[in-house]
Amino acid sequence: MHYKNIRQGIFISRPNRFIAHVEIDGKDEICHVKNTGRCRELLVPGASVYVQESGNPNRRTKFDLITVRKGSRLINMDSSAPNALFREWAVSTGHFGHIDTILPERRFGDSRLDYYMESSGRQIFAEVKGVTLEDNGVVRFPDAPTERGVRHMGELVRCIADGYFACAAFVIQMDDVLYFEPNWETHTAFGQALIAAQEAGVELVAFQCHVTEDSIVPGDTVEIRL
C-alpha cells in the first residue's frame, strides 16, 4: 500500500478516539485518527507522526493520521490497512495455495468474517486483526478488551466444525519484531479464545510489514507464542 500527499507533523493531543491535534508546519491541525484503539504508547505528546492530506474540500478534517514514529520504529496506525495487506499477502505468497476466489466481508453465523476464499478445493474463512502494540520487540493483541474478537474466534471454531478451513491472521503493522503473543494482561479471555481456536484446528498466522513514511507492504511471518 502506498499513500499519497503525506505530511510530517508532531502529535499534540487526542481529545477522543476519532480525532487528534497535530502540529503541521507550525499550525495546530485537527486530524482524523484511522484507529479507534487506545494506542496510548504511540500517541504521546511530541511524537513524530505522518498524516495524509485529503483533497476533498467537503471533509470535516483535512488530514488522516497514518503512521507514528516510536523511537527508531515506524508503526502504521491505519486500521483499514490490515485487510488489504492480508489479501496481498495471501495472493502473493501462495500460503493457501492458488486462490481461485477471494471475497471480503462474508457472513458466517452471527458475524461477518473478513474473507472467504476458495483454494485447491478448500473453502476458507479468515479473520484479520491489525497489531500496533509493541514492547521491546514483542507485539501483542489486543491493546484494549475486545469481546468482538472473542466472538470472532468462536465463529472460526464453528467454521471448522462445519467443514470449512479457518484462519486467524495477525497483521503486524511494523517490522523487525521478535514474536507475537496475546495480550494476556489486557484481555485474558481473548488469549483463551485464541488457544481454543488453535486446539479446534484454526490456523493462526502472523506476519510483519515493512513500513515507511508513505507505504506499508507485507513481510515475513513471525513466531506466535500462546
# chains A, B, ... in the order shown; residues from 1 in each chain; ligands from 1
$ select_by_dssp --residues "region 32-97 of chain A" --states "strand (DSSP E)" --output "MDAnalysis selection string"
chainID A and resid 32:33 48:53 63:70 73:76
$ write_last_selection --atoms "C-alpha atoms" --output "PDB file, in the first residue's frame"
ATOM      1  CA  HIS A  32      -8.893  12.002  11.746  1.00  0.00           C
ATOM      2  CA  VAL A  33      -7.398   9.033  13.647  1.00  0.00           C
ATOM      3  CA  SER A  48       6.656  12.418  15.190  1.00  0.00           C
ATOM      4  CA  VAL A  49       3.691  11.397  13.023  1.00  0.00           C
ATOM      5  CA  TYR A  50       2.856  11.193   9.332  1.00  0.00           C
ATOM      6  CA  VAL A  51      -0.532  12.284   8.072  1.00  0.00           C
ATOM      7  CA  GLN A  52      -2.260  12.071   4.712  1.00  0.00           C
ATOM      8  CA  GLU A  53      -3.713  15.281   3.325  1.00  0.00           C
ATOM      9  CA  PHE A  63      -5.825  15.094   7.377  1.00  0.00           C
ATOM     10  CA  ASP A  64      -5.755  11.383   8.314  1.00  0.00           C
ATOM     11  CA  LEU A  65      -3.202  10.188  10.862  1.00  0.00           C
ATOM     12  CA  ILE A  66      -1.433   7.228   9.228  1.00  0.00           C
ATOM     13  CA  THR A  67       1.938   6.459  10.847  1.00  0.00           C
ATOM     14  CA  VAL A  68       3.756   7.267  14.093  1.00  0.00           C
ATOM     15  CA  ARG A  69       7.422   7.025  14.997  1.00  0.00           C
ATOM     16  CA  LYS A  70       8.135   5.190  18.260  1.00  0.00           C
ATOM     17  CA  ARG A  73      10.470   2.266  14.684  1.00  0.00           C
ATOM     18  CA  LEU A  74       7.722   3.365  12.305  1.00  0.00           C
ATOM     19  CA  ILE A  75       4.288   1.950  13.149  1.00  0.00           C
ATOM     20  CA  ASN A  76       1.357   2.181  10.753  1.00  0.00           C
TER      21      ASN A  76
END
$ select_by_dssp --residues "region 78-186 of chain A" --states "alpha helix (DSSP H)" --output "list in words"
Ala81, Pro82, Asn83, Ala84, Leu85, Phe86, Arg87, Glu88, Trp89, Ala90, Val91, Ser92, Thr93, Glu147, Arg148, Gly149, Val150, Arg151, His152, Met153, Gly154, Glu155, Leu156, Val157, Arg158, Cys159, Ile160 and Ala161 of chain A
$ write_last_selection --atoms "N, CA and C atoms" --output "PDB file, in the first residue's frame"
ATOM      1  N   ALA A  81      -5.822  -0.749   6.789  1.00  0.00           N
ATOM      2  CA  ALA A  81      -4.728  -1.369   6.043  1.00  0.00           C
ATOM      3  C   ALA A  81      -4.647  -2.890   6.199  1.00  0.00           C
ATOM      4  N   PRO A  82      -4.828  -3.476   7.406  1.00  0.00           N
ATOM      5  CA  PRO A  82      -4.586  -4.919   7.557  1.00  0.00           C
ATOM      6  C   PRO A  82      -5.359  -5.813   6.605  1.00  0.00           C
ATOM      7  N   ASN A  83      -6.636  -5.518   6.335  1.00  0.00           N
ATOM      8  CA  ASN A  83      -7.394  -6.378   5.422  1.00  0.00           C
ATOM      9  C   ASN A  83      -6.803  -6.366   4.021  1.00  0.00           C
ATOM     10  N   ALA A  84      -6.431  -5.185   3.531  1.00  0.00           N
ATOM     11  CA  ALA A  84      -5.821  -5.094   2.205  1.00  0.00           C
ATOM     12  C   ALA A  84      -4.467  -5.794   2.188  1.00  0.00           C
ATOM     13  N   LEU A  85      -3.710  -5.656   3.276  1.00  0.00           N
ATOM     14  CA  LEU A  85      -2.395  -6.299   3.353  1.00  0.00           C
ATOM     15  C   LEU A  85      -2.525  -7.806   3.414  1.00  0.00           C
ATOM     16  N   PHE A  86      -3.528  -8.312   4.130  1.00  0.00           N
ATOM     17  CA  PHE A  86      -3.739  -9.763   4.175  1.00  0.00           C
ATOM     18  C   PHE A  86      -4.062 -10.294   2.788  1.00  0.00           C
ATOM     19  N   ARG A  87      -4.928  -9.613   2.073  1.00  0.00           N
ATOM     20  CA  ARG A  87      -5.271 -10.059   0.719  1.00  0.00           C
ATOM     21  C   ARG A  87      -4.027 -10.111  -0.161  1.00  0.00           C
ATOM     22  N   GLU A  88      -3.212  -9.060  -0.098  1.00  0.00           N
ATOM     23  CA  GLU A  88      -1.978  -9.016  -0.884  1.00  0.00           C
ATOM     24  C   GLU A  88      -1.052 -10.166  -0.488  1.00  0.00           C
ATOM     25  N   TRP A  89      -0.909 -10.390   0.815  1.00  0.00           N
ATOM     26  CA  TRP A  89      -0.033 -11.445   1.315  1.00  0.00           C
ATOM     27  C   TRP A  89      -0.544 -12.828   0.902  1.00  0.00           C
ATOM     28  N   ALA A  90      -1.837 -13.065   1.056  1.00  0.00           N
ATOM     29  CA  ALA A  90      -2.410 -14.376   0.744  1.00  0.00           C
ATOM     30  C   ALA A  90      -2.232 -14.719  -0.730  1.00  0.00           C
ATOM     31  N   VAL A  91      -2.435 -13.746  -1.593  1.00  0.00           N
ATOM     32  CA  VAL A  91      -2.323 -13.993  -3.034  1.00  0.00           C
ATOM     33  C   VAL A  91      -0.863 -14.133  -3.456  1.00  0.00           C
ATOM     34  N   SER A  92       0.015 -13.261  -2.939  1.00  0.00           N
ATOM     35  CA  SER A  92       1.396 -13.222  -3.420  1.00  0.00           C
ATOM     36  C   SER A  92       2.270 -14.343  -2.866  1.00  0.00           C
ATOM     37  N   THR A  93       1.985 -14.805  -1.645  1.00  0.00           N
ATOM     38  CA  THR A  93       2.850 -15.822  -1.031  1.00  0.00           C
ATOM     39  C   THR A  93       2.444 -17.249  -1.375  1.00  0.00           C
ATOM     40  N   GLU A 147     -14.473  -7.970  23.070  1.00  0.00           N
ATOM     41  CA  GLU A 147     -15.463  -9.047  23.054  1.00  0.00           C
ATOM     42  C   GLU A 147     -15.772  -9.460  21.617  1.00  0.00           C
ATOM     43  N   ARG A 148     -15.684  -8.509  20.709  1.00  0.00           N
ATOM     44  CA  ARG A 148     -15.893  -8.821  19.289  1.00  0.00           C
ATOM     45  C   ARG A 148     -14.835  -9.796  18.808  1.00  0.00           C
ATOM     46  N   GLY A 149     -13.582  -9.595  19.230  1.00  0.00           N
ATOM     47  CA  GLY A 149     -12.516 -10.512  18.853  1.00  0.00           C
ATOM     48  C   GLY A 149     -12.734 -11.906  19.403  1.00  0.00           C
ATOM     49  N   VAL A 150     -13.211 -11.991  20.643  1.00  0.00           N
ATOM     50  CA  VAL A 150     -13.522 -13.295  21.240  1.00  0.00           C
ATOM     51  C   VAL A 150     -14.612 -13.992  20.431  1.00  0.00           C
ATOM     52  N   ARG A 151     -15.642 -13.232  20.058  1.00  0.00           N
ATOM     53  CA  ARG A 151     -16.731 -13.809  19.266  1.00  0.00           C
ATOM     54  C   ARG A 151     -16.229 -14.312  17.917  1.00  0.00           C
ATOM     55  N   HIS A 152     -15.324 -13.548  17.295  1.00  0.00           N
ATOM     56  CA  HIS A 152     -14.785 -13.979  16.005  1.00  0.00           C
ATOM     57  C   HIS A 152     -14.020 -15.291  16.118  1.00  0.00           C
ATOM     58  N   MET A 153     -13.256 -15.457  17.191  1.00  0.00           N
ATOM     59  CA  MET A 153     -12.535 -16.723  17.370  1.00  0.00           C
ATOM     60  C   MET A 153     -13.523 -17.882  17.506  1.00  0.00           C
ATOM     61  N   GLY A 154     -14.627 -17.636  18.225  1.00  0.00           N
ATOM     62  CA  GLY A 154     -15.653 -18.674  18.349  1.00  0.00           C
ATOM     63  C   GLY A 154     -16.287 -19.015  17.018  1.00  0.00           C
ATOM     64  N   GLU A 155     -16.495 -18.013  16.169  1.00  0.00           N
ATOM     65  CA  GLU A 155     -17.061 -18.271  14.848  1.00  0.00           C
ATOM     66  C   GLU A 155     -16.106 -19.095  13.985  1.00  0.00           C
ATOM     67  N   LEU A 156     -14.795 -18.820  14.100  1.00  0.00           N
ATOM     68  CA  LEU A 156     -13.825 -19.612  13.340  1.00  0.00           C
ATOM     69  C   LEU A 156     -13.842 -21.070  13.779  1.00  0.00           C
ATOM     70  N   VAL A 157     -14.019 -21.297  15.075  1.00  0.00           N
ATOM     71  CA  VAL A 157     -14.141 -22.672  15.578  1.00  0.00           C
ATOM     72  C   VAL A 157     -15.366 -23.347  14.963  1.00  0.00           C
ATOM     73  N   ARG A 158     -16.465 -22.617  14.861  1.00  0.00           N
ATOM     74  CA  ARG A 158     -17.667 -23.184  14.255  1.00  0.00           C
ATOM     75  C   ARG A 158     -17.480 -23.431  12.759  1.00  0.00           C
ATOM     76  N   CYS A 159     -16.656 -22.599  12.117  1.00  0.00           N
ATOM     77  CA  CYS A 159     -16.323 -22.867  10.709  1.00  0.00           C
ATOM     78  C   CYS A 159     -15.681 -24.244  10.567  1.00  0.00           C
ATOM     79  N   ILE A 160     -14.724 -24.540  11.446  1.00  0.00           N
ATOM     80  CA  ILE A 160     -14.053 -25.853  11.423  1.00  0.00           C
ATOM     81  C   ILE A 160     -15.068 -26.967  11.624  1.00  0.00           C
ATOM     82  N   ALA A 161     -15.972 -26.784  12.594  1.00  0.00           N
ATOM     83  CA  ALA A 161     -16.970 -27.817  12.881  1.00  0.00           C
ATOM     84  C   ALA A 161     -17.886 -28.071  11.698  1.00  0.00           C
TER      85      ALA A 161
END
$ closest_residue --among "A:Val177, A:Arg122, A:Ile30, A:Val128" --to "Gly97 (chain A)" --atoms "only C-alpha atoms"
A:Arg122
$ closest_residue --among "A:Ala166, A:Ile195, A:Ala47, A:Leu42" --to "Thr132 (chain A)" --atoms "only C-alpha atoms"
A:Leu42
$ closest_atom_pairs --of "region 135-204 of chain A" --to "region 211-223 of chain A" --cutoff "12 Å" --atoms "only C-alpha atoms" --output "CSV"
residue,atom,partner,partner_atom,distance
A:Gly137,CA,A:Val222,CA,11.5
A:Val138,CA,A:Glu223,CA,10.3
A:Val139,CA,A:Val222,CA,10.1
A:Arg140,CA,A:Glu223,CA,11.9
A:Ala169,CA,A:Thr221,CA,10.3
A:Phe170,CA,A:Thr221,CA,9.7
A:Val171,CA,A:Pro218,CA,8.3
A:Ile172,CA,A:Pro218,CA,8.9
A:Gln173,CA,A:Val211,CA,7.3
A:Met174,CA,A:Val211,CA,5.8
A:Asp175,CA,A:Val211,CA,7.0
A:Asp176,CA,A:Asp220,CA,9.6
A:Val177,CA,A:Val222,CA,7.8
A:Leu178,CA,A:Val222,CA,7.3
A:Tyr179,CA,A:Glu223,CA,4.9
A:Phe180,CA,A:Glu223,CA,6.2
A:Glu181,CA,A:Glu223,CA,8.6
A:Leu204,CA,A:Glu223,CA,10.0
$ closest_residue --among "A:Phe190, A:Pro142, A:Ile124, A:Asn183" --to "Gly163 (chain A)" --atoms "only C-alpha atoms"
A:Ile124
